[in-house]
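Raw contents of data.cif, mmCIF, C-alpha atoms:
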data_entry
#
loop_
_atom_site.label_atom_id
_atom_site.label_comp_id
_atom_site.auth_asym_id
_atom_site.auth_seq_id
_atom_site.Cartn_x
_atom_site.Cartn_y
_atom_site.Cartn_z
CA MET A 1 -9.00 -1.88 -9.35
CA ARG A 2 -9.20 -4.59 -12.04
CA ARG A 3 -5.60 -3.98 -13.04
CA THR A 4 -4.45 -5.33 -9.68
CA GLU A 5 -6.04 -8.65 -10.51
CA VAL A 6 -4.47 -8.74 -13.96
CA LEU A 7 -1.04 -7.87 -12.60
CA GLY A 8 -1.05 -10.95 -10.40
CA CYS A 9 0.45 -12.81 -13.36
CA LEU A 10 3.62 -10.78 -12.86
CA ALA A 11 4.66 -13.07 -10.02
CA ALA A 12 6.91 -15.26 -12.13
CA LEU A 13 8.84 -12.25 -13.39
CA LEU A 14 9.56 -10.50 -10.14
CA ILE A 15 12.63 -10.71 -7.94
CA GLY A 16 13.31 -10.12 -4.25
CA HIS A 17 15.02 -7.00 -2.94
CA SER A 18 16.38 -5.85 0.37
CA VAL A 19 14.46 -2.67 1.08
CA GLN A 20 14.01 -0.27 3.93
CA ALA A 21 11.24 2.03 5.01
CA VAL A 22 11.38 5.55 3.64
CA SER A 23 11.82 7.73 6.73
CA TYR A 24 10.72 11.38 6.84
CA PRO A 25 11.25 14.06 9.50
CA LEU A 26 7.86 15.09 10.84
CA PRO A 27 6.79 18.47 9.43
CA PRO A 28 6.23 21.49 11.68
CA THR A 29 2.95 22.09 13.47
CA GLY A 30 0.13 22.72 11.02
CA SER A 31 1.89 20.98 8.11
CA ARG A 32 1.27 17.53 6.66
CA LEU A 33 3.38 17.70 3.48
CA VAL A 34 6.62 15.67 3.55
CA GLY A 35 9.31 14.50 1.16
CA SER A 36 9.94 15.22 -2.49
CA SER A 37 9.44 13.22 -5.64
CA GLN A 38 12.34 12.31 -7.85
CA VAL A 39 12.79 11.20 -11.43
CA ILE A 40 14.98 8.38 -12.69
CA ILE A 41 15.67 7.09 -16.19
CA VAL A 42 15.31 3.39 -16.95
CA PRO A 43 18.84 2.23 -17.85
CA ASP A 44 19.94 0.89 -21.21
CA ARG A 45 19.19 -2.76 -21.93
CA ASN A 46 16.81 -2.91 -18.99
CA THR A 47 15.66 -6.41 -18.03
CA LEU A 48 13.84 -5.56 -14.79
CA PRO A 49 10.07 -5.24 -14.26
CA LEU A 50 8.52 -2.15 -12.68
CA GLU A 51 8.34 -3.98 -9.32
CA ALA A 52 12.14 -3.97 -9.13
CA PHE A 53 12.23 -0.18 -9.37
CA ALA A 54 9.34 0.10 -6.90
CA ALA A 55 11.22 -2.03 -4.37
CA ARG A 56 14.47 -0.13 -4.85
CA TYR A 57 12.81 3.14 -3.85
CA GLY A 58 10.46 1.85 -1.16
CA GLN A 59 7.25 2.03 -3.21
CA GLY A 60 4.42 -0.35 -3.98
CA LEU A 61 3.55 -1.33 -7.52
CA SER A 62 0.28 0.62 -7.37
CA ASN A 63 2.15 3.79 -6.32
CA MET A 64 4.44 3.48 -9.36
CA LEU A 65 1.55 2.77 -11.72
CA GLU A 66 -0.41 5.80 -10.53
CA ALA A 67 2.62 8.08 -10.91
CA ASN A 68 3.64 6.62 -14.27
CA PRO A 69 0.55 5.84 -16.38
CA GLY A 70 1.27 3.93 -19.56
CA VAL A 71 4.58 2.47 -18.40
CA ASP A 72 4.95 -1.24 -19.16
CA PRO A 73 4.83 -3.00 -15.77
CA PHE A 74 6.43 -6.13 -17.18
CA LEU A 75 9.44 -4.44 -18.76
CA PRO A 76 9.77 -0.63 -18.69
CA THR A 77 11.46 0.57 -21.87
CA SER A 78 15.06 1.72 -21.59
CA GLY A 79 15.22 5.51 -21.50
CA THR A 80 11.74 5.81 -19.96
CA ARG A 81 11.34 8.59 -17.40
CA LEU A 82 10.04 7.14 -14.11
CA VAL A 83 8.61 9.36 -11.37
CA ILE A 84 9.32 8.05 -7.87
CA PRO A 85 6.39 9.34 -5.73
CA GLN A 86 8.26 9.99 -2.49
CA GLN A 87 6.42 13.22 -1.67
CA LEU A 88 3.15 12.68 0.17
CA ILE A 89 0.55 14.17 2.48
CA LEU A 90 0.44 12.54 5.91
CA PRO A 91 -3.00 11.18 6.80
CA ASP A 92 -5.10 13.55 8.88
CA THR A 93 -4.98 11.29 11.94
CA VAL A 94 -3.20 11.11 15.27
CA ARG A 95 0.53 10.65 14.73
CA GLU A 96 0.93 7.62 16.94
CA GLY A 97 1.82 3.98 16.40
CA ILE A 98 0.83 2.48 13.07
CA VAL A 99 -1.57 4.11 10.60
CA VAL A 100 -2.56 2.12 7.51
CA ASN A 101 -4.28 3.87 4.60
CA VAL A 102 -5.60 1.02 2.49
CA ALA A 103 -6.60 3.37 -0.33
CA GLU A 104 -2.98 4.37 -0.99
CA MET A 105 -1.57 1.00 0.12
CA ARG A 106 0.87 2.55 2.57
CA LEU A 107 1.68 1.92 6.21
CA TYR A 108 2.88 4.80 8.39
CA TYR A 109 4.83 4.06 11.57
CA TYR A 110 5.53 6.83 14.06
CA PRO A 111 8.40 5.60 16.29
CA PRO A 112 7.84 6.97 19.80
CA GLY A 113 10.07 9.92 20.66
CA SER A 114 11.74 10.01 17.23
CA ASN A 115 10.00 12.98 15.53
CA THR A 116 10.00 10.91 12.32
CA VAL A 117 7.57 8.78 10.33
CA ASP A 118 8.49 5.62 8.45
CA VAL A 119 6.43 4.86 5.34
CA LEU A 120 6.21 1.35 3.90
CA PRO A 121 4.24 0.00 0.92
CA ILE A 122 1.78 -2.81 1.56
CA GLY A 123 -0.41 -5.38 -0.15
CA ILE A 124 -3.99 -5.75 1.08
CA GLY A 125 -6.98 -8.07 0.87
CA GLN A 126 -8.49 -8.95 -2.46
CA ALA A 127 -12.10 -8.16 -3.28
CA GLY A 128 -14.34 -10.35 -1.14
CA ARG A 129 -11.59 -10.84 1.44
CA GLU A 130 -11.21 -7.23 2.45
CA THR A 131 -8.67 -5.75 4.79
CA PRO A 132 -10.70 -3.94 7.48
CA ARG A 133 -11.33 -0.25 6.92
CA ASN A 134 -11.97 2.44 9.52
CA TRP A 135 -10.76 0.41 12.50
CA VAL A 136 -8.70 1.21 15.59
CA THR A 137 -7.01 -1.72 17.31
CA ALA A 138 -3.62 -2.64 18.74
CA VAL A 139 -0.72 -5.06 18.32
CA GLU A 140 -1.81 -8.15 20.26
CA ARG A 141 1.30 -10.27 19.79
CA LYS A 142 4.25 -10.93 17.50
CA GLN A 143 5.53 -14.20 16.11
CA GLU A 144 8.75 -15.15 14.38
CA GLY A 145 8.23 -18.04 11.97
CA PRO A 146 4.42 -17.86 11.76
CA THR A 147 2.41 -20.83 10.57
CA TRP A 148 -0.73 -20.56 8.45
CA SER A 149 -3.98 -22.50 8.63
CA PRO A 150 -6.08 -21.46 5.61
CA THR A 151 -9.82 -21.22 6.18
CA PRO A 152 -12.09 -23.72 4.40
CA ASN A 153 -13.33 -20.90 2.16
CA THR A 154 -9.76 -20.08 1.15
CA ARG A 155 -9.02 -23.72 0.37
CA ARG A 156 -12.20 -23.97 -1.72
CA ALA A 157 -11.24 -20.83 -3.64
CA TYR A 158 -7.84 -22.32 -4.43
CA ALA A 159 -9.46 -25.62 -5.44
CA ALA A 160 -11.74 -23.77 -7.86
CA GLU A 161 -8.59 -22.58 -9.61
CA GLY A 162 -7.19 -26.10 -9.75
CA LYS A 163 -4.76 -25.55 -6.87
CA THR A 164 -4.34 -27.71 -3.80
CA LEU A 165 -3.83 -25.82 -0.57
CA PRO A 166 -2.96 -27.82 2.56
CA ALA A 167 -4.88 -27.34 5.78
CA PHE A 168 -1.66 -26.32 7.54
CA VAL A 169 1.40 -24.51 6.17
CA PRO A 170 4.45 -24.77 8.46
CA ALA A 171 6.81 -21.90 9.20
CA GLY A 172 9.53 -21.29 6.66
CA PRO A 173 10.44 -19.44 3.45
CA ASP A 174 7.58 -21.06 1.49
CA ASN A 175 4.92 -19.81 3.91
CA PRO A 176 2.79 -17.01 2.35
CA MET A 177 3.02 -15.16 5.69
CA GLY A 178 6.78 -14.87 5.37
CA LEU A 179 9.11 -15.12 8.34
CA TYR A 180 7.52 -12.58 10.71
CA ALA A 181 3.99 -11.66 11.74
CA ILE A 182 2.52 -8.88 13.88
CA TYR A 183 -1.01 -9.81 14.95
CA ILE A 184 -3.55 -7.01 15.26
CA GLY A 185 -6.93 -7.60 16.84
CA ARG A 186 -7.88 -11.29 16.83
CA LEU A 187 -8.21 -12.14 13.15
CA TYR A 188 -5.67 -10.12 11.18
CA ALA A 189 -1.92 -9.78 10.86
CA ILE A 190 0.72 -7.54 9.38
CA HIS A 191 3.17 -10.04 7.93
CA GLY A 192 5.84 -10.80 5.36
CA THR A 193 5.51 -12.66 2.09
CA ASN A 194 7.05 -15.31 -0.10
CA SER A 195 6.06 -13.37 -3.24
CA ASN A 196 6.99 -9.69 -3.53
CA PHE A 197 4.60 -9.22 -6.45
CA GLY A 198 1.77 -8.60 -3.99
CA ILE A 199 3.16 -5.34 -2.59
CA GLY A 200 0.89 -2.59 -3.84
CA LEU A 201 -1.84 -4.98 -5.00
CA ARG A 202 -5.05 -6.51 -3.65
CA VAL A 203 -3.99 -10.13 -3.41
CA SER A 204 -4.00 -11.21 0.25
CA GLN A 205 -6.70 -13.07 2.21
CA GLY A 206 -7.40 -9.88 4.18
CA CYS A 207 -4.14 -9.37 6.05
CA ILE A 208 -1.57 -6.66 5.39
CA ARG A 209 1.48 -7.84 3.49
CA LEU A 210 4.96 -6.23 3.44
CA ARG A 211 8.25 -7.00 1.79
CA ASN A 212 10.41 -9.16 4.02
CA ALA A 213 12.95 -6.52 5.02
CA ASP A 214 10.11 -4.14 5.90
CA ILE A 215 8.26 -6.58 8.15
CA LYS A 216 11.57 -7.47 9.82
CA TYR A 217 12.08 -3.77 10.59
CA LEU A 218 8.59 -3.44 12.08
CA PHE A 219 8.89 -6.71 13.97
CA ASP A 220 12.11 -5.54 15.61
CA ASN A 221 10.83 -2.05 16.48
CA VAL A 222 7.07 -2.14 17.12
CA PRO A 223 6.17 -3.22 20.68
CA VAL A 224 3.12 -5.22 21.68
CA GLY A 225 0.32 -2.83 22.64
CA THR A 226 1.13 -0.31 19.91
CA ARG A 227 -1.93 1.53 18.61
CA VAL A 228 -2.98 0.55 15.06
CA GLN A 229 -5.44 2.58 12.99
CA ILE A 230 -6.70 1.51 9.56
CA ILE A 231 -8.31 4.12 7.34
CA ASP A 232 -9.58 4.30 3.76
CA ARG A 233 -8.91 7.77 2.36
CA PRO A 234 -8.06 8.04 -1.33
CA VAL A 235 -8.28 11.86 -1.23
CA LYS A 236 -6.02 13.81 1.14
CA VAL A 237 -6.05 17.60 1.31
CA THR A 238 -3.83 19.90 3.34
CA THR A 239 -3.57 23.63 3.87
CA GLU A 240 0.07 24.34 4.72
CA PRO A 241 1.32 27.06 7.12
CA ASP A 242 2.22 29.28 4.14
CA GLY A 243 -1.39 29.13 2.95
CA SER A 244 -0.73 26.80 0.00
CA ARG A 245 -3.31 24.09 -0.69
CA TRP A 246 -2.35 20.59 -1.79
CA VAL A 247 -4.39 17.58 -2.83
CA GLU A 248 -3.31 13.95 -3.24
CA VAL A 249 -5.71 11.64 -5.07
CA HIS A 250 -5.46 7.86 -5.34
CA GLU A 251 -7.63 5.38 -7.19
CA PRO A 252 -10.25 4.37 -4.62
CA LEU A 253 -10.80 0.72 -3.77
CA SER A 254 -13.88 -0.94 -5.17
CA ARG A 255 -16.64 -1.19 -2.59
CA ASN A 256 -18.32 -4.34 -3.93
CA ARG A 257 -17.93 -7.12 -6.49
CA ALA A 258 -19.80 -5.18 -9.19
CA GLU A 259 -17.40 -2.23 -8.93
CA PHE A 260 -14.41 -4.58 -8.86
CA GLU A 261 -15.47 -6.31 -12.07
CA SER A 262 -16.62 -3.16 -13.85
CA THR A 263 -14.49 -1.40 -16.45
CA ARG A 264 -15.73 1.94 -15.08
CA ARG A 265 -13.62 3.89 -12.65
CA VAL A 266 -14.68 3.75 -9.01
CA PRO A 267 -16.17 7.11 -7.93
CA LEU A 268 -14.17 9.12 -5.44
CA PRO A 269 -15.83 8.98 -2.00
CA ILE A 270 -16.09 12.72 -1.49
CA SER A 271 -19.12 14.93 -1.01
CA ALA A 272 -20.53 17.08 -3.79
CA ALA A 273 -19.51 20.17 -1.81
CA GLN A 274 -15.91 19.00 -1.46
CA ARG A 275 -15.74 18.10 -5.14
CA THR A 276 -17.06 21.53 -6.11
CA GLN A 277 -14.59 23.27 -3.82
CA LEU A 278 -11.63 21.32 -5.23
CA ILE A 279 -12.72 21.99 -8.79
CA ASN A 280 -13.10 25.70 -8.02
CA GLU A 281 -9.55 25.65 -6.61
CA GLY A 282 -8.22 24.18 -9.86
CA ALA A 283 -7.94 20.54 -8.78
CA GLY A 284 -10.48 19.15 -11.25
CA ALA A 285 -7.81 17.66 -13.49
CA GLU A 286 -6.19 15.83 -10.58
CA LEU A 287 -9.54 14.38 -9.51
CA GLU A 288 -9.58 12.73 -12.93
CA ARG A 289 -5.85 12.00 -13.23
CA ARG A 290 -5.48 10.42 -9.74
CA SER A 291 -1.67 10.44 -9.78
CA GLY A 292 -1.28 9.48 -6.13
CA MET A 293 1.08 12.46 -5.66
CA PRO A 294 0.55 15.82 -3.93
CA VAL A 295 -0.49 18.53 -6.38
CA LEU A 296 -0.43 22.25 -5.57
#
What would the structure in this file look like if it were written as structure tokens?
Amino acid sequence: MRRTEVLGCLAALLIGHSVQAVSYPLPPTGSRLVGSSQVIIVPDRNTLPLEAFAARYGQGLSNMLEANPGVDPFLPTSGTRLVIPQQLILPDTVREGIVVNVAEMRLYYYPPGSNTVDVLPIGIGQAGRETPRNWVTAVERKQEGPTWSPTPNTRRAYAAEGKTLPAFVPAGPDNPMGLYAIYIGRLYAIHGTNSNFGIGLRVSQGCIRLRNADIKYLFDNVPVGTRVQIIDRPVKVTTEPDGSRWVEVHEPLSRNRAEFESTRRVPLPISAAQRTQLINEGAGAELERRSGMPVL
């Protein structure tokens, strides 16, 4: 995931957008495939970075990069064909509350009694300050106008980069936690941001970051006590009611500092038997491509 570190320098180029969750009707029993991808063309005399297109269609930067390899993230060329990856396989988990798949950098919210799922892109913890994986917890409390007290380790890390970070950051638009926070467990939060460049990247101190309109939506609709499950599944496979088989493969997160700093691709965390089965079914190319989109 080295590219996520490099793309942090995009911050100065990116602009804010009012976005909304992409909402899907839940599929019928036995199905996990929802939505459909679409294609847009970058307009003439384009001056917007890829993040602007990601925000417009409710995607994270990593989702757009996986679906559109080779596209310039700073300034997509006019006339470029951009795939918007709005088709996806729902995680193979209970459809209740909030489900976060850190591998695909998406948050799924199942509003009670709605028969729908809302999907929002997220930013997650950087290497060494990981967002928890494989964890079931609940919304403990919510706070409008959160404050932030960086840990001593965080302040030292900033100081090593020549930056001064105060011991206390008051609530307001300059707070890295944004204007709303949903606290899960005792140590982590789902919160907003003062820099949209982090959506779809590993840049936070371990919390889950959303665009401001998205966290406002969750803050207004998710009650205290809601179940929260965090998973790490870069490979999702579904057999649909019609017998068709689909696979969705994302770039897996590095598991340690050596993998994070290596130029080699992180191995997919699947068994040899599952890999062999997928290859025998014709999915070998997608295991290498890792487009982040469902493939038949």
Evaluate the PyMOL selection byres ((chain A and resi 212-215) around 7) against this structure - the residues, as number ranges by chain, please.
A: 18-21, 178, 180, 191-193, 210-211, 216-219
For Lys236 of chain A, list every protein, DNA or RNA residue within 8 Å, evaluated using all atoms listed in the file, and leave out those in the same chain fewer than 6 positions away; present the list as JSON, numbers by chain.
{"A": [89, 91, 92, 247, 248, 249]}
Listed atoms of segment 66-76 of chain A, axis-aligned box, 8 Å per side: centre and edge lengths to one decimal in Å, as JSON?
{"center_x": 4.7, "center_y": 1.0, "center_z": -15.0, "size_x": 26.2, "size_y": 30.2, "size_z": 25.0}
For Leu50 of chain A, work out the shell of residues within 7 Å, counting only C-alpha atoms and skipping chain neighbours fewer than 3 positions away, then give it as an MDAnalysis selection string.
chainID A and resid 53:54 73:76
For the selection you just gave me, I'd like the residues written to a file as a CSV table (one decimal), keeping the file's coordinate frame, keeping C-alpha atoms.
chain,number,residue,atom,x,y,z
A,53,PHE,CA,12.2,-0.2,-9.4
A,54,ALA,CA,9.3,0.1,-6.9
A,73,PRO,CA,4.8,-3.0,-15.8
A,74,PHE,CA,6.4,-6.1,-17.2
A,75,LEU,CA,9.4,-4.4,-18.8
A,76,PRO,CA,9.8,-0.6,-18.7
Which residues, written as a PDB file with C-alpha atoms, keeping the file's coordinate frame, have at least one atom at most 9 Å from Asn175 of chain A, with only C-alpha atoms counted and residues fewer than 2 positions away on the same chain left out?
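So out_35.pdb came out as:
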ATOM      1  CA  GLY A 145       8.230 -18.040  11.970  1.00  0.00           C
ATOM      2  CA  PRO A 146       4.420 -17.860  11.760  1.00  0.00           C
ATOM      3  CA  THR A 147       2.410 -20.830  10.570  1.00  0.00           C
ATOM      4  CA  TRP A 148      -0.730 -20.560   8.450  1.00  0.00           C
ATOM      5  CA  VAL A 169       1.400 -24.510   6.170  1.00  0.00           C
ATOM      6  CA  PRO A 170       4.450 -24.770   8.460  1.00  0.00           C
ATOM      7  CA  ALA A 171       6.810 -21.900   9.200  1.00  0.00           C
ATOM      8  CA  GLY A 172       9.530 -21.290   6.660  1.00  0.00           C
ATOM      9  CA  PRO A 173      10.440 -19.440   3.450  1.00  0.00           C
ATOM     10  CA  MET A 177       3.020 -15.160   5.690  1.00  0.00           C
ATOM     11  CA  GLY A 178       6.780 -14.870   5.370  1.00  0.00           C
ATOM     12  CA  LEU A 179       9.110 -15.120   8.340  1.00  0.00           C
ATOM     13  CA  THR A 193       5.510 -12.660   2.090  1.00  0.00           C
ATOM     14  CA  ASN A 194       7.050 -15.310  -0.100  1.00  0.00           C
TER      15      ASN A 194
END
Residues at most 12 Å from Leu287 of chain A, counting only C-alpha atoms, excluding those fewer than 6 positions away in the same chain, as a compact mmCIF listing (two decimals) with C-alpha atoms, in the coordinates of the input?
# COMPACT_ATOMS: atom_id res chain seq x y z
CA PRO A 234 -8.06 8.04 -1.33
CA VAL A 235 -8.28 11.86 -1.23
CA LYS A 236 -6.02 13.81 1.14
CA VAL A 237 -6.05 17.60 1.31
CA VAL A 247 -4.39 17.58 -2.83
CA GLU A 248 -3.31 13.95 -3.24
CA VAL A 249 -5.71 11.64 -5.07
CA HIS A 250 -5.46 7.86 -5.34
CA GLU A 251 -7.63 5.38 -7.19
CA PRO A 252 -10.25 4.37 -4.62
CA ARG A 265 -13.62 3.89 -12.65
CA VAL A 266 -14.68 3.75 -9.01
CA PRO A 267 -16.17 7.11 -7.93
CA LEU A 268 -14.17 9.12 -5.44
CA PRO A 269 -15.83 8.98 -2.00
CA ILE A 270 -16.09 12.72 -1.49
CA GLN A 274 -15.91 19.00 -1.46
CA ARG A 275 -15.74 18.10 -5.14
CA THR A 276 -17.06 21.53 -6.11
CA GLN A 277 -14.59 23.27 -3.82
CA LEU A 278 -11.63 21.32 -5.23
CA ILE A 279 -12.72 21.99 -8.79
CA ASN A 280 -13.10 25.70 -8.02
CA GLU A 281 -9.55 25.65 -6.61
CA MET A 293 1.08 12.46 -5.66
CA PRO A 294 0.55 15.82 -3.93
CA VAL A 295 -0.49 18.53 -6.38
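Distance-wise, atom CA of Pro25 of chain A and atom CA of Asn115 of chain A end up 6.3 Å apart.
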Please compute the atom CA of Ala189 of chain A-atom CA of Thr164 of chain A distance, one decimal, in Å.
23.3 Å
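Atom to atom, atom CA of Ile182 of chain A and atom CA of Ile98 of chain A stand 11.5 Å apart.
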If the PyMOL selection byres ((chain A and resi 68) around 10) were run on this exact file, what residues would it hold? Put them as an mmCIF file with C-alpha atoms, keeping the file's coordinate frame.
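New file result-v7.cif:
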data_model
loop_
_atom_site.group_PDB
_atom_site.id
_atom_site.type_symbol
_atom_site.label_atom_id
_atom_site.label_comp_id
_atom_site.auth_asym_id
_atom_site.auth_seq_id
_atom_site.Cartn_x
_atom_site.Cartn_y
_atom_site.Cartn_z
ATOM 1 C CA SER A 62 0.280 0.620 -7.370
ATOM 2 C CA ASN A 63 2.150 3.790 -6.320
ATOM 3 C CA MET A 64 4.440 3.480 -9.360
ATOM 4 C CA LEU A 65 1.550 2.770 -11.720
ATOM 5 C CA GLU A 66 -0.410 5.800 -10.530
ATOM 6 C CA ALA A 67 2.620 8.080 -10.910
ATOM 7 C CA PRO A 69 0.550 5.840 -16.380
ATOM 8 C CA GLY A 70 1.270 3.930 -19.560
ATOM 9 C CA VAL A 71 4.580 2.470 -18.400
ATOM 10 C CA ASP A 72 4.950 -1.240 -19.160
ATOM 11 C CA PRO A 73 4.830 -3.000 -15.770
ATOM 12 C CA THR A 80 11.740 5.810 -19.960
ATOM 13 C CA ARG A 81 11.340 8.590 -17.400
ATOM 14 C CA LEU A 82 10.040 7.140 -14.110
ATOM 15 C CA VAL A 83 8.610 9.360 -11.370
ATOM 16 C CA ILE A 84 9.320 8.050 -7.870
ATOM 17 C CA PRO A 85 6.390 9.340 -5.730
ATOM 18 C CA SER A 291 -1.670 10.440 -9.780
ATOM 19 C CA GLY A 292 -1.280 9.480 -6.130
#
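Minimum atom-to-atom distances from A:Ala160, A:Val34, A:Val22, A:Ile231 to Leu253 of chain A were compared using all atoms listed in the file, and the lowest value belongs to A:Ile231.
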Expected selection from the PyMOL selection byres ((chain A and resi 101-110) around 7), given as a PyMOL selection string
chain A and resi 95-100+111-112+116-123+200+230-234+250+252-253
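Restricting the calculation to all atoms listed in the file, the smallest distance between Arg186 of chain A and any of A:Arg290, A:Arg141, A:Arg209, A:Arg257 is found for A:Arg141.
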